[in-house]
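Engineer: Can you read through this structure? Questions will come right after.
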Amino acid sequence: MITNTDFLSGLNPQQKQAVTAQPGHILVLAGPGSGKTRVLTHRIAYLITQFHLPPDNILAVTFTNKAARVMESRVEDLLGEKPRGLWLGTFHAICARILRREADHLPFGSNFVIYDEDDQQSLVKTALRELNIDEKMYKAASIRGAISAAKNNMQKPEDLTSRTYREEVNLRVYQRYQELLRANNAVDFDDLLNEVVNLFEAKPEVRERYSRRFGEVLVDEFQDTNTAQYQILRHLALSGNSMFVVGDEDQSIYRWRGADYRNVQSFERDYPDCQKILLEQNYRSTQTVLDAARAVIDHNINRTPKHLFSDNGKGEKIILNDLMDDKMEADFVADTIQKNIKAKLWKGSDVAVMYRTNAQSRLLEEAFLKARLPYRLVGAQRFYGRREVKDIIAYLRLIYNPSDEVSLTRVINVPTRGIGDKSVSTLLQYAHNLKLSAGDVLSELGKLGQQSQHFSAFSGSIGIKLADFGSMLNSWRESITKGFPLTRLFQQILDDIRYEEYIDDASEEGHQRWENVLELGKIATEFDDRGLDEFLERLALVSDQDTLAEGTEAPTLLTLHAAKGLEFAVVFITGLDDGVLPHSRSLDDPEEMAEERRLLYVGITRAKERLYITRADRRSSYGGYENCTPSRFLRDIPATLVMNSGIIMPTRTSRPSMERRMENYSNWSTPSPTYGSFKPAPRQSKPPVEQRFPANCRVRHEVWGEGLVVKSVLEDGDETVDVFFDTVGFKRLIASLAKLEIVKK
DNA sequence: CAAAGATCGCTTTTT
DNA sequence: GCGATCTTTG
């Protein structure tokens, strides 16, 4: 049996406070590397062992499967056994589970399939064709985006107004798209969330059942919740349950996907009794790294100021290098890593190279190849996105759900079996006229052949071909009803359609494609005792990031987005140029710029020991070259944190020394044209200030009203004031930003 | 139906 | 400038 002290030893006071908090509304703002996962897992274990909450009263949601897995295994370690009945998973997986259970109350069956982005796009195309809309003028991809954006705001077609023709098109396609989803017995990712909200609103008794069941709801990465997710949480909280949410506004980087970090503030507003706990001790990085990160992020408004600190010492200065072009930038990165690995100073797995856009990985890959350095690339070509993998998944989905016409049209002529586009549309048209799905018609044709009432609807040999295909589908479905293992079905499909013959054309690529199919088959074996439904759900909801091979010795190449949640001893952040980071599409929108800044913040805070930042004077883009100016964010990193510490530097860069360039960044407005020697530039932006709000004086804030100053610290040329407000309690403020005024007694 | 030719479009991408 | 995707053509 685990004792109280076992649990809490090794937690710092703030972590302990969070873990042991009385049930209620608890908001933990956890800076990077502050032990967020530790707090969540300990909290779950603490609830079970100390508050004796049965595990099936606990719901813990994450955003990635990986995070869910990590949390699950750590909780198991803490408890010494698997907690029975605990619901732990991603928002989407949890919602899918609820929807399948409650299908009786829903406009679709419990065997619904989950459409990914590609499937959504095909459905949009279908809608466009049905509505006779020019597909050149109105791109399926952009309409799909518009629909998803609307859904992220929980707007139904009828909630939208159209002020332009384009908006009218979006609206109509959205409407039809949604009907098609239902006809296909399918939901998209957004539906998984929205339909749960709809369900909870339409059926209070269902909502009540879930909210009663989950006495405690825990949420990871709370800053990334979107409107629907926040609504789900609010509905679950209606029965007075306890909520424990953990997040960091500064790491919100999925705004474009509907995430709204302001939900953190909404939480405080909606639950005024909420207890707010800041985790500010960082166990990951050196103080230098943290100082740089803070200097970057402090320019953002609408956030809870945090004092990240570390016991890890100052550490090495940040190395900033600018190169003549993006090719040299890539070479510098690869060469530096290669030399340090060769000198046995670094291990490959300690190193990550980060960039804003996937396109930047190409030059890096070439440079690594040239340096004969193996690497691990995250993202890019997705396993589940590959054609051959999607083909087989489409077969499986069609077997599972005969109404899935997106899958049907995908595979009905793959490999080619003489059923062309014309025949397919005849089939669809015919089926729809009879209010049947094409799958049903095929199935009957397969069963009865020429005897079928449908047979005469098809001319020539088409009826035979359709019947053959339908008969295959029937025999596969039989395999399921007979309870055969999934592997057997998988093999049967491949044999019946002779897929190897079709896909492996003896070329290198064909061979690889077949390998991918076999790889999918290997995953299927894991589901032999669980069945097709769980296999499909897993395929729909698990991304490639989750299947990322761990433990390779090679450095990792990844986007800044993909880097969230990871840490590396050595981090290279490349492309610190205006237009790249911040990205050109973000320049005119302050909210987007703030997100770009957070992206850099996330990147910086991945580094444990060493941080390299690189940029280039020109980069190849769309053919030609483009001149670049250093990222505006570089200005914000104090020159005192940065230097050229004589680390192995390619000789190619013996151009205007980096030192001079550093001065340029710090004295941004007056670039020095001279080749002077390096002097750390004085911190001009923030001259030392006087203490204006000493402890024990009363102050007024325009939002929070009056309060008492508890503590005031002068540092980094600004005054940080801790105030206990009469109404909202403790807040930490930066004097120069907060517009405080002293209240005369 | 496949191969060659034309055209598009180009951030990020937890699920 | 490149790659994916759609269109045309034999």
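Chains: A, B, ... in order of the structure tokens. Residues: from 1 per chain. Ligands: from 1, in order shown.
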Distance cut-off 10 Å, counting only C-alpha atoms (C1' of nucleotides) - which residues of chain B neighbour chain A? Return them as a list in words.
Structural biologist: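 Per the criterion, chain B yields DC1, DC8, DC10, DT11, DT12, DT13, DT14 and DT15 of chain B.
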Engineer: Could those selected residues go to a file with all heavy atoms, as a compact mmCIF listing (two decimals), in the first residue's frame?
Structural biologist:
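New file part33.txt:
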# COMPACT_ATOMS: atom_id res chain seq x y z
P DC B 1 -10.94 1.10 -66.31
OP1 DC B 1 -10.59 0.02 -65.40
OP2 DC B 1 -11.52 2.32 -65.82
O5' DC B 1 -9.64 1.50 -67.16
C5' DC B 1 -8.94 0.46 -67.77
C4' DC B 1 -7.51 0.88 -67.95
O4' DC B 1 -7.43 1.79 -69.09
C3' DC B 1 -6.90 1.64 -66.77
O3' DC B 1 -5.61 1.11 -66.54
C2' DC B 1 -6.84 3.11 -67.21
C1' DC B 1 -6.78 2.99 -68.74
N1 DC B 1 -7.51 4.10 -69.45
C2 DC B 1 -6.97 4.61 -70.63
O2 DC B 1 -5.91 4.16 -71.05
N3 DC B 1 -7.63 5.59 -71.28
C4 DC B 1 -8.80 6.05 -70.79
N4 DC B 1 -9.42 7.00 -71.47
C5 DC B 1 -9.37 5.53 -69.61
C6 DC B 1 -8.70 4.56 -68.97
P DC B 8 -4.79 26.93 -63.25
OP1 DC B 8 -6.19 27.30 -63.48
OP2 DC B 8 -3.70 27.84 -63.66
O5' DC B 8 -4.61 26.56 -61.72
C5' DC B 8 -5.17 25.33 -61.23
C4' DC B 8 -4.52 24.95 -59.94
O4' DC B 8 -3.22 24.37 -60.17
C3' DC B 8 -4.30 26.13 -58.97
O3' DC B 8 -4.75 25.71 -57.70
C2' DC B 8 -2.80 26.34 -59.00
C1' DC B 8 -2.28 24.94 -59.28
N1 DC B 8 -0.94 24.83 -59.91
C2 DC B 8 -0.05 23.84 -59.51
O2 DC B 8 -0.39 23.07 -58.60
N3 DC B 8 1.15 23.74 -60.13
C4 DC B 8 1.48 24.57 -61.11
N4 DC B 8 2.67 24.42 -61.68
C5 DC B 8 0.58 25.59 -61.53
C6 DC B 8 -0.61 25.70 -60.92
P DC B 10 -2.54 26.41 -51.50
OP1 DC B 10 -3.46 25.40 -52.03
OP2 DC B 10 -2.91 27.44 -50.54
O5' DC B 10 -1.25 25.68 -51.10
C5' DC B 10 -0.32 25.16 -50.29
C4' DC B 10 0.94 25.97 -50.08
O4' DC B 10 1.74 26.05 -51.28
C3' DC B 10 0.75 27.41 -49.62
O3' DC B 10 1.38 27.63 -48.39
C2' DC B 10 1.40 28.27 -50.70
C1' DC B 10 2.39 27.31 -51.31
N1 DC B 10 2.76 27.69 -52.72
C2 DC B 10 3.83 27.04 -53.34
O2 DC B 10 4.43 26.17 -52.73
N3 DC B 10 4.16 27.39 -54.59
C4 DC B 10 3.47 28.35 -55.24
N4 DC B 10 3.82 28.65 -56.48
C5 DC B 10 2.36 29.01 -54.63
C6 DC B 10 2.05 28.65 -53.38
P DT B 11 1.12 29.01 -47.66
OP1 DT B 11 -0.20 29.56 -48.10
OP2 DT B 11 2.30 29.87 -47.56
O5' DT B 11 0.98 28.37 -46.23
C5' DT B 11 1.67 27.33 -46.04
C4' DT B 11 2.57 27.19 -44.89
O4' DT B 11 2.38 28.24 -43.92
C3' DT B 11 2.26 25.87 -44.23
O3' DT B 11 3.46 25.33 -43.84
C2' DT B 11 1.37 26.27 -43.05
C1' DT B 11 1.90 27.65 -42.73
N1 DT B 11 0.87 28.56 -42.22
C2 DT B 11 -0.30 28.73 -42.92
O2 DT B 11 -0.58 28.13 -43.91
N3 DT B 11 -1.17 29.58 -42.37
C4 DT B 11 -1.03 30.32 -41.25
O4 DT B 11 -1.90 31.09 -40.86
C5 DT B 11 0.22 30.11 -40.54
C7 DT B 11 0.51 30.83 -39.31
C6 DT B 11 1.10 29.25 -41.06
P DT B 12 3.43 23.82 -43.52
OP1 DT B 12 4.80 23.36 -43.56
OP2 DT B 12 2.36 23.11 -44.25
O5' DT B 12 2.96 23.91 -41.99
C5' DT B 12 3.93 24.06 -40.98
C4' DT B 12 3.24 24.23 -39.66
O4' DT B 12 2.37 25.35 -39.72
C3' DT B 12 2.32 23.06 -39.29
O3' DT B 12 3.01 22.23 -38.37
C2' DT B 12 1.12 23.69 -38.63
C1' DT B 12 1.37 25.18 -38.77
N1 DT B 12 0.19 25.93 -39.26
C2 DT B 12 -0.09 27.13 -38.69
O2 DT B 12 0.58 27.59 -37.79
N3 DT B 12 -1.18 27.78 -39.19
C4 DT B 12 -2.00 27.35 -40.21
O4 DT B 12 -2.96 28.03 -40.56
C5 DT B 12 -1.64 26.09 -40.79
C7 DT B 12 -2.44 25.56 -41.92
C6 DT B 12 -0.58 25.45 -40.30
P DT B 13 3.27 20.79 -38.89
OP1 DT B 13 4.36 20.29 -38.06
OP2 DT B 13 3.33 20.71 -40.34
O5' DT B 13 1.92 20.05 -38.45
C5' DT B 13 1.41 20.21 -37.14
C4' DT B 13 -0.02 19.74 -37.17
O4' DT B 13 -0.79 20.62 -38.00
C3' DT B 13 -0.18 18.34 -37.75
O3' DT B 13 -0.84 17.56 -36.80
C2' DT B 13 -1.07 18.50 -38.97
C1' DT B 13 -1.69 19.86 -38.78
N1 DT B 13 -1.86 20.58 -40.04
C2 DT B 13 -3.10 21.00 -40.41
O2 DT B 13 -4.09 20.77 -39.73
N3 DT B 13 -3.16 21.68 -41.59
C4 DT B 13 -2.10 21.99 -42.42
O4 DT B 13 -2.27 22.60 -43.45
C5 DT B 13 -0.81 21.52 -41.98
C7 DT B 13 0.40 21.78 -42.79
C6 DT B 13 -0.76 20.86 -40.83
P DT B 14 -0.31 16.32 -36.25
OP1 DT B 14 0.76 16.51 -35.32
OP2 DT B 14 -0.15 15.34 -37.34
O5' DT B 14 -1.65 15.97 -35.48
C5' DT B 14 -2.10 16.87 -34.53
C4' DT B 14 -1.86 16.24 -33.17
O4' DT B 14 -1.76 17.28 -32.21
C3' DT B 14 -3.06 15.39 -32.76
O3' DT B 14 -2.64 14.30 -31.97
C2' DT B 14 -3.88 16.33 -31.96
C1' DT B 14 -2.79 17.15 -31.27
N1 DT B 14 -3.25 18.48 -30.90
C2 DT B 14 -2.81 18.98 -29.70
O2 DT B 14 -2.05 18.35 -28.99
N3 DT B 14 -3.29 20.21 -29.41
C4 DT B 14 -4.14 21.00 -30.15
O4 DT B 14 -4.49 22.09 -29.76
C5 DT B 14 -4.55 20.42 -31.39
C7 DT B 14 -5.45 21.18 -32.28
C6 DT B 14 -4.11 19.21 -31.70
P DT B 15 -2.99 12.89 -32.41
OP1 DT B 15 -2.50 12.02 -31.34
OP2 DT B 15 -2.55 12.68 -33.81
O5' DT B 15 -4.57 12.92 -32.41
C5' DT B 15 -5.29 13.10 -31.20
C4' DT B 15 -6.71 13.44 -31.57
O4' DT B 15 -6.72 14.60 -32.42
C3' DT B 15 -7.40 12.32 -32.35
O3' DT B 15 -8.57 11.92 -31.67
C2' DT B 15 -7.78 12.92 -33.68
C1' DT B 15 -7.66 14.42 -33.44
N1 DT B 15 -7.21 15.15 -34.62
C2 DT B 15 -7.85 16.32 -34.97
O2 DT B 15 -8.76 16.77 -34.31
N3 DT B 15 -7.38 16.92 -36.08
C4 DT B 15 -6.34 16.49 -36.90
O4 DT B 15 -6.01 17.11 -37.89
C5 DT B 15 -5.70 15.26 -36.48
C7 DT B 15 -4.56 14.70 -37.29
C6 DT B 15 -6.14 14.67 -35.38
Engineer: Show me, as a PyMOL selection string, the residues of chain C whose atoms get within 12 Å of chain A, using only C-alpha atoms (C1' of nucleotides) for the distance check.
Structural biologist: chain C and resi 1-3+6
Engineer: Hey, what's within 10 Å of segment 5-7 of chain B if we count only C-alpha atoms (C1' of nucleotides) and toss same-chain stuff fewer than 4 positions away? As a CSV table (one decimal) with N, CA, C and O atoms (P, O5', C5', C4', C3', O3' and C1' of nucleotides), in the first residue's frame, please?
Structural biologist:
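After the write, result01.csv holds the following:
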chain,number,residue,atom,x,y,z
C,5,DT,P,-2.2,14.6,-54.0
C,5,DT,O5',-3.3,15.4,-54.9
C,5,DT,C5',-3.2,16.8,-55.2
C,5,DT,C4',-3.8,17.1,-56.5
C,5,DT,C3',-4.8,16.0,-57.0
C,5,DT,O3',-6.0,16.7,-57.5
C,5,DT,C1',-3.3,16.6,-58.7
C,6,DC,P,-7.3,15.9,-57.7
C,6,DC,O5',-7.8,16.5,-59.1
C,6,DC,C5',-7.8,17.9,-59.3
C,6,DC,C4',-7.6,18.2,-60.8
C,6,DC,C3',-8.5,17.5,-61.7
C,6,DC,O3',-9.1,18.5,-62.6
C,6,DC,C1',-6.3,17.2,-62.4
C,7,DT,P,-10.1,18.1,-63.7
C,7,DT,O5',-9.2,18.0,-65.0
C,7,DT,C5',-8.4,19.1,-65.4
C,7,DT,C4',-7.9,18.8,-66.8
C,7,DT,C3',-8.9,18.2,-67.8
C,7,DT,O3',-8.8,18.9,-69.0
C,7,DT,C1',-6.9,16.8,-67.7
C,8,DT,P,-9.7,18.6,-70.2
C,8,DT,O5',-8.7,18.0,-71.2
C,8,DT,C5',-7.4,18.6,-71.5
C,8,DT,C4',-6.5,17.7,-72.1
C,8,DT,C3',-7.0,17.0,-73.4
C,8,DT,O3',-6.1,17.3,-74.5
C,8,DT,C1',-6.0,15.4,-72.0
C,9,DT,P,-6.5,17.1,-76.0
C,9,DT,O5',-5.8,15.7,-76.3
C,9,DT,C5',-4.4,15.6,-76.0
C,9,DT,C4',-3.9,14.2,-76.1
C,9,DT,C3',-4.5,13.4,-77.2
C,9,DT,O3',-3.4,12.8,-77.9
C,9,DT,C1',-4.7,12.2,-75.2
Engineer: What residues in segment 598-643 of chain A get the DSSP label strand (DSSP E or B)? Please answer as a PyMOL selection string.
Structural biologist: chain A and resi 607-621+624-627+630+642
Engineer: I need the residues of segment 315-366 of chain A that end up classed as helix (DSSP H, G or I) by DSSP on the backbone, written out as a ChimeraX atom specification.
Structural biologist: /A:326-342,348-350,358-366
Engineer: Generate a file of the selected residues that holds N, CA, C and O atoms, formatted as a CSV table (one decimal), in the first residue's frame.
Structural biologist:
chain,number,residue,atom,x,y,z
A,326,ASP,N,20.1,30.0,-46.9
A,326,ASP,CA,19.5,28.9,-46.2
A,326,ASP,C,20.3,27.6,-46.3
A,326,ASP,O,20.2,26.8,-45.4
A,327,LYS,N,21.0,27.5,-47.4
A,327,LYS,CA,21.8,26.3,-47.6
A,327,LYS,C,22.9,26.3,-46.6
A,327,LYS,O,23.2,25.2,-46.0
A,328,MET,N,23.6,27.4,-46.4
A,328,MET,CA,24.6,27.5,-45.5
A,328,MET,C,24.1,27.3,-44.0
A,328,MET,O,24.8,26.7,-43.2
A,329,GLU,N,22.9,27.8,-43.8
A,329,GLU,CA,22.3,27.6,-42.5
A,329,GLU,C,22.2,26.1,-42.2
A,329,GLU,O,22.6,25.6,-41.2
A,330,ALA,N,21.7,25.4,-43.2
A,330,ALA,CA,21.5,23.9,-43.0
A,330,ALA,C,22.8,23.3,-42.8
A,330,ALA,O,23.0,22.4,-42.0
A,331,ASP,N,23.8,23.7,-43.6
A,331,ASP,CA,25.2,23.1,-43.5
A,331,ASP,C,25.8,23.4,-42.1
A,331,ASP,O,26.4,22.5,-41.5
A,332,PHE,N,25.6,24.6,-41.6
A,332,PHE,CA,26.1,24.9,-40.3
A,332,PHE,C,25.5,24.0,-39.3
A,332,PHE,O,26.2,23.5,-38.4
A,333,VAL,N,24.2,23.8,-39.3
A,333,VAL,CA,23.5,23.0,-38.3
A,333,VAL,C,24.0,21.6,-38.4
A,333,VAL,O,24.5,21.0,-37.4
A,334,ALA,N,24.1,21.0,-39.6
A,334,ALA,CA,24.5,19.6,-39.8
A,334,ALA,C,26.0,19.4,-39.4
A,334,ALA,O,26.3,18.5,-38.7
A,335,ASP,N,26.8,20.4,-39.8
A,335,ASP,CA,28.3,20.3,-39.5
A,335,ASP,C,28.5,20.4,-38.0
A,335,ASP,O,29.3,19.6,-37.5
A,336,THR,N,27.8,21.3,-37.4
A,336,THR,CA,28.0,21.5,-35.9
A,336,THR,C,27.7,20.2,-35.2
A,336,THR,O,28.4,19.8,-34.3
A,337,ILE,N,26.5,19.7,-35.6
A,337,ILE,CA,26.1,18.5,-34.9
A,337,ILE,C,27.0,17.3,-35.2
A,337,ILE,O,27.5,16.6,-34.3
A,338,GLN,N,27.4,17.2,-36.4
A,338,GLN,CA,28.3,16.1,-36.8
A,338,GLN,C,29.6,16.2,-36.0
A,338,GLN,O,30.1,15.2,-35.5
A,339,LYS,N,30.2,17.4,-35.9
A,339,LYS,CA,31.5,17.5,-35.3
A,339,LYS,C,31.4,17.2,-33.8
A,339,LYS,O,32.2,16.6,-33.2
A,340,ASN,N,30.3,17.7,-33.2
A,340,ASN,CA,30.2,17.5,-31.7
A,340,ASN,C,29.9,16.0,-31.4
A,340,ASN,O,30.3,15.5,-30.4
A,341,ILE,N,29.2,15.4,-32.3
A,341,ILE,CA,28.9,13.9,-32.1
A,341,ILE,C,30.2,13.2,-32.3
A,341,ILE,O,30.6,12.3,-31.5
A,342,LYS,N,31.0,13.6,-33.3
A,342,LYS,CA,32.3,12.9,-33.5
A,342,LYS,C,33.2,13.1,-32.4
A,342,LYS,O,33.9,12.2,-32.0
A,348,GLY,N,23.6,11.8,-30.6
A,348,GLY,CA,22.6,12.2,-31.6
A,348,GLY,C,21.2,12.4,-31.0
A,348,GLY,O,20.5,13.4,-31.4
A,349,SER,N,20.8,11.5,-30.2
A,349,SER,CA,19.4,11.6,-29.6
A,349,SER,C,19.2,12.8,-28.7
A,349,SER,O,18.1,13.1,-28.3
A,350,ASP,N,20.3,13.5,-28.3
A,350,ASP,CA,20.2,14.6,-27.5
A,350,ASP,C,19.8,15.9,-28.3
A,350,ASP,O,19.5,16.9,-27.7
A,358,ASN,N,7.4,22.8,-42.6
A,358,ASN,CA,8.0,21.5,-43.1
A,358,ASN,C,8.9,21.7,-44.3
A,358,ASN,O,9.8,20.9,-44.5
A,359,ALA,N,8.5,22.7,-45.1
A,359,ALA,CA,9.3,22.9,-46.3
A,359,ALA,C,10.8,23.1,-46.0
A,359,ALA,O,11.7,22.8,-46.7
A,360,GLN,N,11.1,23.7,-44.8
A,360,GLN,CA,12.4,23.9,-44.4
A,360,GLN,C,13.2,22.7,-44.1
A,360,GLN,O,14.5,22.7,-44.0
A,361,SER,N,12.6,21.6,-44.0
A,361,SER,CA,13.3,20.3,-43.6
A,361,SER,C,14.1,19.8,-44.8
A,361,SER,O,15.1,19.1,-44.6
A,362,ARG,N,13.8,20.2,-46.0
A,362,ARG,CA,14.4,19.6,-47.2
A,362,ARG,C,15.9,19.9,-47.2
A,362,ARG,O,16.7,19.0,-47.3
A,363,LEU,N,16.2,21.2,-47.1
A,363,LEU,CA,17.6,21.6,-47.1
A,363,LEU,C,18.4,20.9,-45.9
A,363,LEU,O,19.5,20.6,-46.1
A,364,LEU,N,17.7,20.9,-44.8
A,364,LEU,CA,18.4,20.2,-43.7
A,364,LEU,C,18.7,18.8,-43.9
A,364,LEU,O,19.8,18.3,-43.6
A,365,GLU,N,17.7,18.1,-44.5
A,365,GLU,CA,17.9,16.7,-44.9
A,365,GLU,C,19.1,16.5,-45.8
A,365,GLU,O,19.9,15.6,-45.6
A,366,GLU,N,19.2,17.4,-46.8
A,366,GLU,CA,20.3,17.3,-47.7
A,366,GLU,C,21.6,17.5,-47.0
A,366,GLU,O,22.6,16.8,-47.3
Engineer: If I take atom CA of Glu195 of chain A and atom CA of Leu396 of chain A, how far is one from the other in Å, to one decimal?
Structural biologist: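 Here the two named atoms are 24.4 Å from each other.
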Engineer: List as a list in words the protein and nucleic acid residues near Glu249 of chain A, meaning an atom at most 10 Å away when only C-alpha atoms (C1' of nucleotides) are counted, but skip any in the same chain fewer than 5 places from it.
Structural biologist: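 The neighbour list is Leu29, Ala30, Gly31, Glu221, Phe222, Gln223, Asp224, Asp260, Tyr261, Arg262, Asn263, Val264, Gln265, Asn302, Arg303, Thr304, Pro305 and Arg598 of chain A.
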Engineer: Considering only C-alpha atoms, state which residue in the set A:Pro485, A:Gly240, A:Pro638, A:Gly579 is at the smallest distance from Asp291 of chain A.
Structural biologist: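 Looking only at the distances to Asp291 of chain A, the closest residue turns out to be A:Pro638.
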